[in-house]
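Asks: CSV, C-alpha atoms, file input07.csv:
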chain,number,residue,atom,x,y,z
A,20,MET,CA,99.4,95.3,105.6
A,21,PHE,CA,99.6,91.6,104.8
A,22,ARG,CA,102.9,92.1,103.0
A,23,VAL,CA,104.3,93.9,106.1
A,24,ALA,CA,103.2,91.0,108.3
A,25,GLN,CA,104.9,88.6,106.0
A,26,VAL,CA,108.2,90.5,106.2
A,27,ILE,CA,108.0,90.8,109.9
A,28,PHE,CA,107.3,87.1,110.3
A,29,GLY,CA,110.1,86.2,107.9
A,30,LEU,CA,112.6,88.4,109.9
A,31,ALA,CA,111.4,86.8,113.1
A,32,VAL,CA,112.0,83.3,111.8
A,33,ILE,CA,115.5,84.3,110.5
A,34,PHE,CA,116.3,85.9,113.9
A,35,PHE,CA,115.1,82.7,115.7
A,36,LEU,CA,117.3,80.5,113.5
A,37,LEU,CA,120.4,82.6,113.6
A,38,MET,CA,120.5,83.7,117.2
A,39,PRO,CA,122.0,80.4,118.6
A,40,ILE,CA,124.8,80.7,116.0
A,41,VAL,CA,125.4,84.4,116.6
A,42,ALA,CA,125.5,83.7,120.4
A,43,ILE,CA,128.1,80.9,120.3
A,44,LEU,CA,130.5,82.0,117.6
A,45,PRO,CA,132.0,85.0,119.3
A,46,LEU,CA,133.0,82.7,122.2
A,47,ALA,CA,135.5,81.0,119.9
A,48,PHE,CA,137.7,84.1,120.3
A,49,THR,CA,137.5,84.4,124.1
A,50,SER,CA,140.6,84.1,126.2
A,51,SER,CA,138.6,82.5,129.1
A,52,VAL,CA,138.4,78.8,129.7
A,53,PHE,CA,134.6,79.1,130.1
A,54,LEU,CA,131.8,79.7,127.6
A,55,THR,CA,130.6,82.8,129.4
A,56,TYR,CA,129.6,86.4,128.6
A,57,PRO,CA,130.8,89.1,128.7
A,58,ILE,CA,134.1,88.4,126.9
A,59,GLU,CA,136.9,90.0,128.9
A,60,ALA,CA,139.6,89.6,126.3
A,61,TYR,CA,139.9,88.1,122.8
A,62,SER,CA,142.3,85.4,121.8
A,63,THR,CA,142.9,82.8,119.1
A,64,ARG,CA,144.2,80.2,121.6
A,65,TRP,CA,141.3,77.8,121.0
A,66,PHE,CA,142.0,77.7,117.3
A,67,LYS,CA,145.6,76.9,118.1
A,68,GLU,CA,144.5,74.1,120.3
A,69,LEU,CA,142.5,72.7,117.3
A,70,VAL,CA,145.8,72.3,115.4
A,71,THR,CA,148.1,71.4,118.3
A,72,ALA,CA,146.1,69.0,120.5
A,73,ASP,CA,146.4,65.4,119.2
A,74,VAL,CA,142.7,64.6,119.7
A,75,TRP,CA,141.5,67.5,117.7
A,76,ARG,CA,144.0,67.1,114.9
A,77,LEU,CA,143.1,63.4,114.6
A,78,SER,CA,139.4,64.3,114.5
A,79,ILE,CA,140.0,66.9,111.7
A,80,PHE,CA,142.1,64.4,109.8
A,81,ASN,CA,139.4,61.7,110.2
A,82,SER,CA,136.6,64.1,109.0
A,83,ILE,CA,138.6,64.9,105.9
A,84,VAL,CA,139.4,61.3,105.1
A,85,ILE,CA,136.0,59.9,105.9
A,86,GLY,CA,134.2,62.8,104.2
A,87,SER,CA,136.3,62.5,101.1
A,88,GLY,CA,135.8,58.7,100.9
A,89,ALA,CA,132.1,58.9,101.5
A,90,THR,CA,131.8,61.7,98.9
A,91,VAL,CA,133.5,59.7,96.2
A,92,LEU,CA,131.5,56.5,96.8
A,93,SER,CA,128.2,58.2,97.2
A,94,THR,CA,128.7,60.4,94.1
A,95,VAL,CA,129.5,57.4,91.9
A,96,LEU,CA,126.8,55.2,93.3
A,97,GLY,CA,124.2,58.0,93.5
A,98,THR,CA,124.9,59.1,89.9
A,99,LEU,CA,124.6,55.5,88.6
A,100,ALA,CA,121.3,55.1,90.6
A,101,ALA,CA,119.9,58.4,89.2
A,102,LEU,CA,120.8,57.2,85.7
A,103,GLY,CA,119.1,53.9,86.3
A,104,LEU,CA,116.0,55.5,87.7
A,105,ARG,CA,115.8,57.9,84.8
A,106,GLY,CA,112.7,57.5,82.6
A,107,SER,CA,109.9,55.0,83.1
A,108,ALA,CA,111.3,51.9,81.3
A,109,LEU,CA,112.4,50.3,84.5
A,110,PRO,CA,109.7,48.5,86.4
A,111,LEU,CA,108.8,49.6,90.0
A,112,THR,CA,110.8,52.9,89.5
A,113,GLY,CA,108.8,54.7,92.1
A,114,LEU,CA,109.4,52.0,94.7
A,115,LEU,CA,113.1,51.8,94.0
A,116,ARG,CA,113.4,55.6,94.2
A,117,THR,CA,111.6,55.5,97.6
A,118,LEU,CA,114.0,52.8,98.8
A,119,PHE,CA,117.0,54.9,97.8
A,120,LEU,CA,115.7,57.9,99.6
A,121,LEU,CA,114.9,56.0,102.9
A,122,PRO,CA,118.1,57.0,104.7
A,123,MET,CA,116.9,60.6,104.5
A,124,VAL,CA,113.7,59.8,106.5
A,125,VAL,CA,114.7,56.8,108.7
A,126,PRO,CA,115.6,58.0,112.2
A,127,ALA,CA,119.4,58.2,112.6
A,128,VAL,CA,119.4,56.0,115.7
A,129,VAL,CA,117.6,53.2,113.9
A,130,LEU,CA,119.9,53.5,110.9
A,131,GLY,CA,122.9,53.6,113.2
A,132,VAL,CA,122.0,50.5,115.1
A,133,GLY,CA,121.3,48.7,111.8
A,134,MET,CA,124.6,49.8,110.3
A,135,GLN,CA,126.5,48.7,113.5
A,136,ILE,CA,125.1,45.2,113.3
A,137,PHE,CA,125.6,44.9,109.6
A,138,LEU,CA,129.2,46.2,109.7
A,139,ALA,CA,130.1,44.0,112.7
A,140,ARG,CA,129.0,40.9,110.7
A,141,LEU,CA,131.2,42.0,107.8
A,142,GLY,CA,134.2,42.6,110.2
A,143,LEU,CA,134.2,46.4,109.4
A,144,ALA,CA,133.1,47.6,112.8
A,145,SER,CA,135.2,50.4,114.3
A,146,SER,CA,137.2,50.8,111.1
A,147,TYR,CA,137.7,53.6,108.5
A,148,PRO,CA,136.1,51.5,105.7
A,149,GLY,CA,133.1,50.8,107.9
A,150,VAL,CA,132.5,54.5,108.8
A,151,ILE,CA,133.0,55.5,105.1
A,152,VAL,CA,130.4,52.9,104.1
A,153,ALA,CA,127.9,54.1,106.8
A,154,HIS,CA,128.4,57.7,105.7
A,155,THR,CA,128.0,56.7,102.1
A,156,VAL,CA,124.6,55.2,102.8
A,157,LEU,CA,123.5,58.4,104.4
A,158,CYS,CA,124.9,60.6,101.6
A,159,ILE,CA,123.6,58.7,98.5
A,160,PRO,CA,120.0,60.1,98.7
A,161,PHE,CA,121.3,63.7,98.4
A,162,VAL,CA,123.3,62.8,95.3
A,163,ILE,CA,120.3,61.0,93.7
A,164,VAL,CA,118.1,64.0,94.3
A,165,SER,CA,120.6,66.4,92.9
A,166,VAL,CA,121.6,64.3,89.8
A,167,SER,CA,118.0,63.4,89.1
A,168,ALA,CA,117.0,67.0,89.0
A,169,ALA,CA,119.9,67.7,86.6
A,170,LEU,CA,118.9,64.8,84.4
A,171,GLN,CA,115.3,66.0,84.1
A,172,GLY,CA,116.6,69.2,82.6
A,173,ILE,CA,118.4,67.4,79.8
A,174,ASP,CA,116.4,67.4,76.5
A,175,PRO,CA,116.3,63.7,75.3
A,176,SER,CA,116.3,64.9,71.7
A,177,VAL,CA,120.0,66.0,72.2
A,178,GLU,CA,121.0,62.5,73.1
A,179,ARG,CA,118.9,61.0,70.3
A,180,ALA,CA,120.6,63.4,67.9
A,181,ALA,CA,124.0,62.3,69.0
A,182,GLY,CA,123.0,58.6,68.6
A,183,SER,CA,121.6,59.3,65.1
A,184,LEU,CA,124.9,60.7,64.1
A,185,GLY,CA,126.7,57.4,64.9
A,186,ALA,CA,127.7,57.9,68.5
A,187,SER,CA,127.6,54.7,70.6
A,188,PRO,CA,125.6,54.7,73.9
A,189,ALA,CA,128.9,55.0,75.9
A,190,THR,CA,130.0,58.0,73.8
A,191,VAL,CA,126.6,59.7,74.2
A,192,PHE,CA,126.9,59.3,77.9
A,193,ARG,CA,130.5,60.5,78.1
A,194,ARG,CA,130.2,63.4,75.6
A,195,VAL,CA,126.6,64.5,76.1
A,196,THR,CA,124.7,63.3,79.2
A,197,LEU,CA,127.5,63.5,81.7
A,198,PRO,CA,128.7,67.0,80.8
A,199,LEU,CA,125.1,68.3,80.9
A,200,ALA,CA,124.5,66.6,84.3
A,201,MET,CA,127.8,67.6,85.7
A,202,PRO,CA,126.5,70.6,87.7
A,203,GLY,CA,124.1,68.3,89.5
A,204,VAL,CA,126.8,65.7,90.1
A,205,VAL,CA,129.1,68.3,91.6
A,206,SER,CA,126.2,69.7,93.7
A,207,GLY,CA,125.4,66.3,95.0
A,208,ALA,CA,129.1,65.7,95.9
A,209,VAL,CA,129.1,69.0,97.8
A,210,PHE,CA,126.0,68.1,99.8
A,211,ALA,CA,127.4,64.6,100.4
A,212,PHE,CA,130.6,66.0,101.9
A,213,ALA,CA,128.7,68.5,104.0
A,214,THR,CA,126.4,65.7,105.3
A,215,SER,CA,129.4,63.5,106.2
A,216,LEU,CA,131.1,66.4,107.9
A,217,ASP,CA,128.2,67.1,110.2
A,218,GLU,CA,127.1,63.6,110.9
A,219,VAL,CA,127.2,62.6,114.6
A,220,VAL,CA,124.7,59.9,115.5
A,221,ILE,CA,125.7,57.2,113.0
A,222,THR,CA,129.3,57.9,113.7
A,223,LEU,CA,128.7,57.2,117.4
A,224,PHE,CA,127.4,53.7,116.5
A,225,VAL,CA,129.9,52.6,113.9
A,226,ALA,CA,133.2,54.5,114.7
A,227,GLY,CA,135.8,53.5,117.2
A,228,PRO,CA,138.2,55.7,119.2
A,229,ASN,CA,140.5,56.1,116.2
A,230,GLN,CA,137.8,57.1,113.8
A,231,ARG,CA,136.4,60.1,115.8
A,232,THR,CA,135.4,62.8,113.4
A,233,LEU,CA,135.3,66.5,114.3
A,234,ALA,CA,131.6,66.4,114.9
A,235,ARG,CA,131.8,63.4,117.2
A,236,GLN,CA,134.7,65.0,119.1
A,237,MET,CA,132.7,68.1,119.6
A,238,PHE,CA,129.8,66.0,121.0
A,239,SER,CA,132.2,64.1,123.3
A,240,ASN,CA,133.8,67.4,124.5
A,241,ILE,CA,130.4,68.9,125.3
A,242,ARG,CA,129.6,65.8,127.4
A,243,GLU,CA,132.9,65.6,129.3
A,244,ASN,CA,134.3,69.1,129.5
A,245,ILE,CA,132.8,72.2,127.9
A,246,SER,CA,135.5,74.5,126.6
A,247,PRO,CA,135.7,77.3,124.0
A,248,THR,CA,137.4,74.8,121.7
A,249,VAL,CA,134.0,73.5,120.8
A,250,ALA,CA,133.0,77.0,119.7
A,251,ALA,CA,136.2,77.3,117.6
A,252,ALA,CA,135.4,73.9,116.0
A,253,ALA,CA,131.8,75.0,115.4
A,254,LEU,CA,133.0,78.1,113.7
A,255,LEU,CA,135.1,76.0,111.3
A,256,LEU,CA,132.2,73.7,110.6
A,257,ILE,CA,129.8,76.5,109.9
A,258,VAL,CA,132.2,78.4,107.7
A,259,GLY,CA,133.0,75.2,105.8
A,260,THR,CA,129.3,74.3,105.4
A,261,LEU,CA,128.5,77.8,104.2
A,262,CYS,CA,131.3,77.7,101.6
A,263,LEU,CA,130.1,74.3,100.4
A,264,ALA,CA,126.5,75.6,100.2
A,265,GLY,CA,127.7,78.7,98.3
A,266,LEU,CA,129.6,76.5,95.9
A,267,ALA,CA,126.4,74.4,95.3
A,268,ALA,CA,124.3,77.5,94.7
A,269,LEU,CA,126.9,78.9,92.3
A,270,LEU,CA,126.9,75.7,90.3
A,271,ARG,CA,123.1,75.7,90.1
A,272,SER,CA,123.0,79.3,89.0
A,273,ARG,CA,125.5,78.5,86.2
A,274,GLU,CA,123.4,75.5,85.2
A,275,LYS,CA,120.3,77.8,84.9
A,276,ARG,CA,122.3,80.3,82.8
A,277,ASN,CA,123.5,77.6,80.5
A,278,GLU,CA,119.9,76.4,80.1
A,279,VAL,CA,118.8,79.9,79.3
A,280,GLY,CA,121.7,80.3,76.8
A,281,VAL,CA,120.8,77.0,75.0
A,282,ALA,CA,117.1,77.9,74.9
A,283,ALA,CA,117.7,81.5,73.6
A,284,PRO,CA,118.6,80.7,70.0
Starting from the file, lay out its structure as C-alpha cells.
Replies:
Amino acid sequence: MFRVAQVIFGLAVIFFLLMPIVAILPLAFTSSVFLTYPIEAYSTRWFKELVTADVWRLSIFNSIVIGSGATVLSTVLGTLAALGLRGSALPLTGLLRTLFLLPMVVPAVVLGVGMQIFLARLGLASSYPGVIVAHTVLCIPFVIVSVSAALQGIDPSVERAAGSLGASPATVFRRVTLPLAMPGVVSGAVFAFATSLDEVVITLFVAGPNQRTLARQMFSNIRENISPTVAAAALLLIVGTLCLAGLAALLRSREKRNEVGVAAP
C-alpha cells in the first residue's frame, strides 16, 4: 500500500511539473496571433518569425555568442578552481569552496545589482564582454561541482604511479588527471552553457539593447506584447536544454562504465 502511495505521489509531482510545459508548447504551432485554446489551425509561422525578425535573430545570435564565451571561461576557471581545491593541503579549503559556490545561492537580483556596479566601474557595462563575465560568474559553480565530483573518482595512486615512472607534474596532469576528469569537465561545460542560455535576471541588469539574449527577449515580449513567438522560442530553449541534459547524462554514464571497467580486473 505504501509503495502504491509513493508511485501515485511521484506521478502527481511529475504531472504538476510538466503540465505548464505541455500546456504552452502546442501553442508554438498555432496559426492564431493569440495564445488561446482551442487551436483552430496549425502553422509554423512563428518559427519563421524567429529566423526572419531582426530582433529575434539578434537575440539568438547573442545567446550563442554569450553562452559560448561564458562556457569557455567558466570551464577553464572552474576546472582550475576544482584542481586547486582538491585535497586538504590548501588552508581554508572549505571556506574557499563556499565562496566559489556563493553565486548558486545568492539571490539573482542581488548578484545582478552587484555585477552592474562592478562592470560599470570597469567600463564594461552594456557590452558583450561584460555580459560574458557576468554569466561566467554564475556558471563557474556548476563547473566546480561537476569537475570536483570527477576528481574525487580518480585514484591518487594512478597519478603517483605515473610520477614514479618519471613523468613530470605537468605530464601527469596532461596525460592522466585531465583525461580521467574530462567527463566531469564536459558535463560542467554543458551545464554552464544551459545556465547561460536560460539566464534572465542578471542579463536584465548588465546587458544593453544590443546584448539581448533569447531569454531576455522572451521576457520583454511577454511584458510588451504576448504572441506565440514566445511559445516557439520556449520550445527551442526546452529542446536545447533537454539535449544538453541528455548529453551530460550520457557522459556521466560513460564515466561510470569506465570506472567499472577499470575496477573489474
Asks: Just how far from CA of Ala234 in chain A is CA of Ala208 in chain A, in Å to one decimal?
Replies: 19.2 Å
Asks: Give the answer as one residue: which of A:Ile163, A:Ser50, A:Pro247, A:Ile43 has the shortest atom-to-atom distance to Gly103 in chain A, using all atoms listed in the file?
Replies: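 For Gly103 in chain A, the nearest of the given residues is A:Ile163.
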Asks: So, counting all atoms listed in the file, which residue among A:Asn229, A:Asn81, A:Gln236, A:Thr222 is closest to His154 in chain A?
Replies: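 Checking each candidate against His154 in chain A, we get A:Thr222 as the closest.
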Asks: I need every residue sitting at most 10 Å from the point (126.0, 65.8, 102.6) (coordinates as in the file, all atoms listed in the file considered), written as a compact mmCIF listing (two decimals) with C-alpha atoms, in the frame of the given file.
Replies:
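Printed below is result-v2.txt as written:
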# COMPACT_ATOMS: atom_id res chain seq x y z
CA GLY A 86 134.20 62.80 104.20
CA ALA A 89 132.10 58.90 101.50
CA THR A 90 131.80 61.70 98.90
CA SER A 93 128.20 58.20 97.20
CA HIS A 154 128.40 57.70 105.70
CA THR A 155 128.00 56.70 102.10
CA LEU A 157 123.50 58.40 104.40
CA CYS A 158 124.90 60.60 101.60
CA ILE A 159 123.60 58.70 98.50
CA PRO A 160 120.00 60.10 98.70
CA PHE A 161 121.30 63.70 98.40
CA VAL A 162 123.30 62.80 95.30
CA SER A 206 126.20 69.70 93.70
CA GLY A 207 125.40 66.30 95.00
CA ALA A 208 129.10 65.70 95.90
CA VAL A 209 129.10 69.00 97.80
CA PHE A 210 126.00 68.10 99.80
CA ALA A 211 127.40 64.60 100.40
CA PHE A 212 130.60 66.00 101.90
CA ALA A 213 128.70 68.50 104.00
CA THR A 214 126.40 65.70 105.30
CA SER A 215 129.40 63.50 106.20
CA LEU A 216 131.10 66.40 107.90
CA ASP A 217 128.20 67.10 110.20
CA GLU A 218 127.10 63.60 110.90
CA THR A 260 129.30 74.30 105.40
CA LEU A 263 130.10 74.30 100.40
Asks: Near Leu170 in chain A, counting all atoms listed in the file, which residues have an atom at most 8 Å away, once you skip same-chain residues fewer than 3 positions from it, shown as a list in words?
Replies: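 Once the nearby chain positions are removed, what remains is Leu102, Arg105, Val166, Ser167, Ile173, Thr196, Leu199 and Ala200 of chain A.
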Asks: Just how far from CA of Val164 in chain A is CA of Ala144 in chain A, in Å to one decimal?
Replies: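 These two atoms are separated by 28.9 Å.
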Asks: Mind giving me the straight-line distance from CA of Phe53 in chain A to CA of Val70 in chain A in Å, one decimal?
Replies: 19.7 Å
Asks: Excluding same-chain residues fewer than 2 positions from Val156 in chain A, what lies within 10 Å of it counting all atoms listed in the file, as a list of chain:residue names?
Replies: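 The neighbour list is A:Ala89, A:Leu92, A:Ser93, A:Leu96, A:Gly97, A:Phe119, A:Leu120, A:Leu121, A:Pro122, A:Met123, A:Leu130, A:Met134, A:Val150, A:Ile151, A:Val152, A:Ala153, A:His154, A:Cys158, A:Ile159, A:Pro160.
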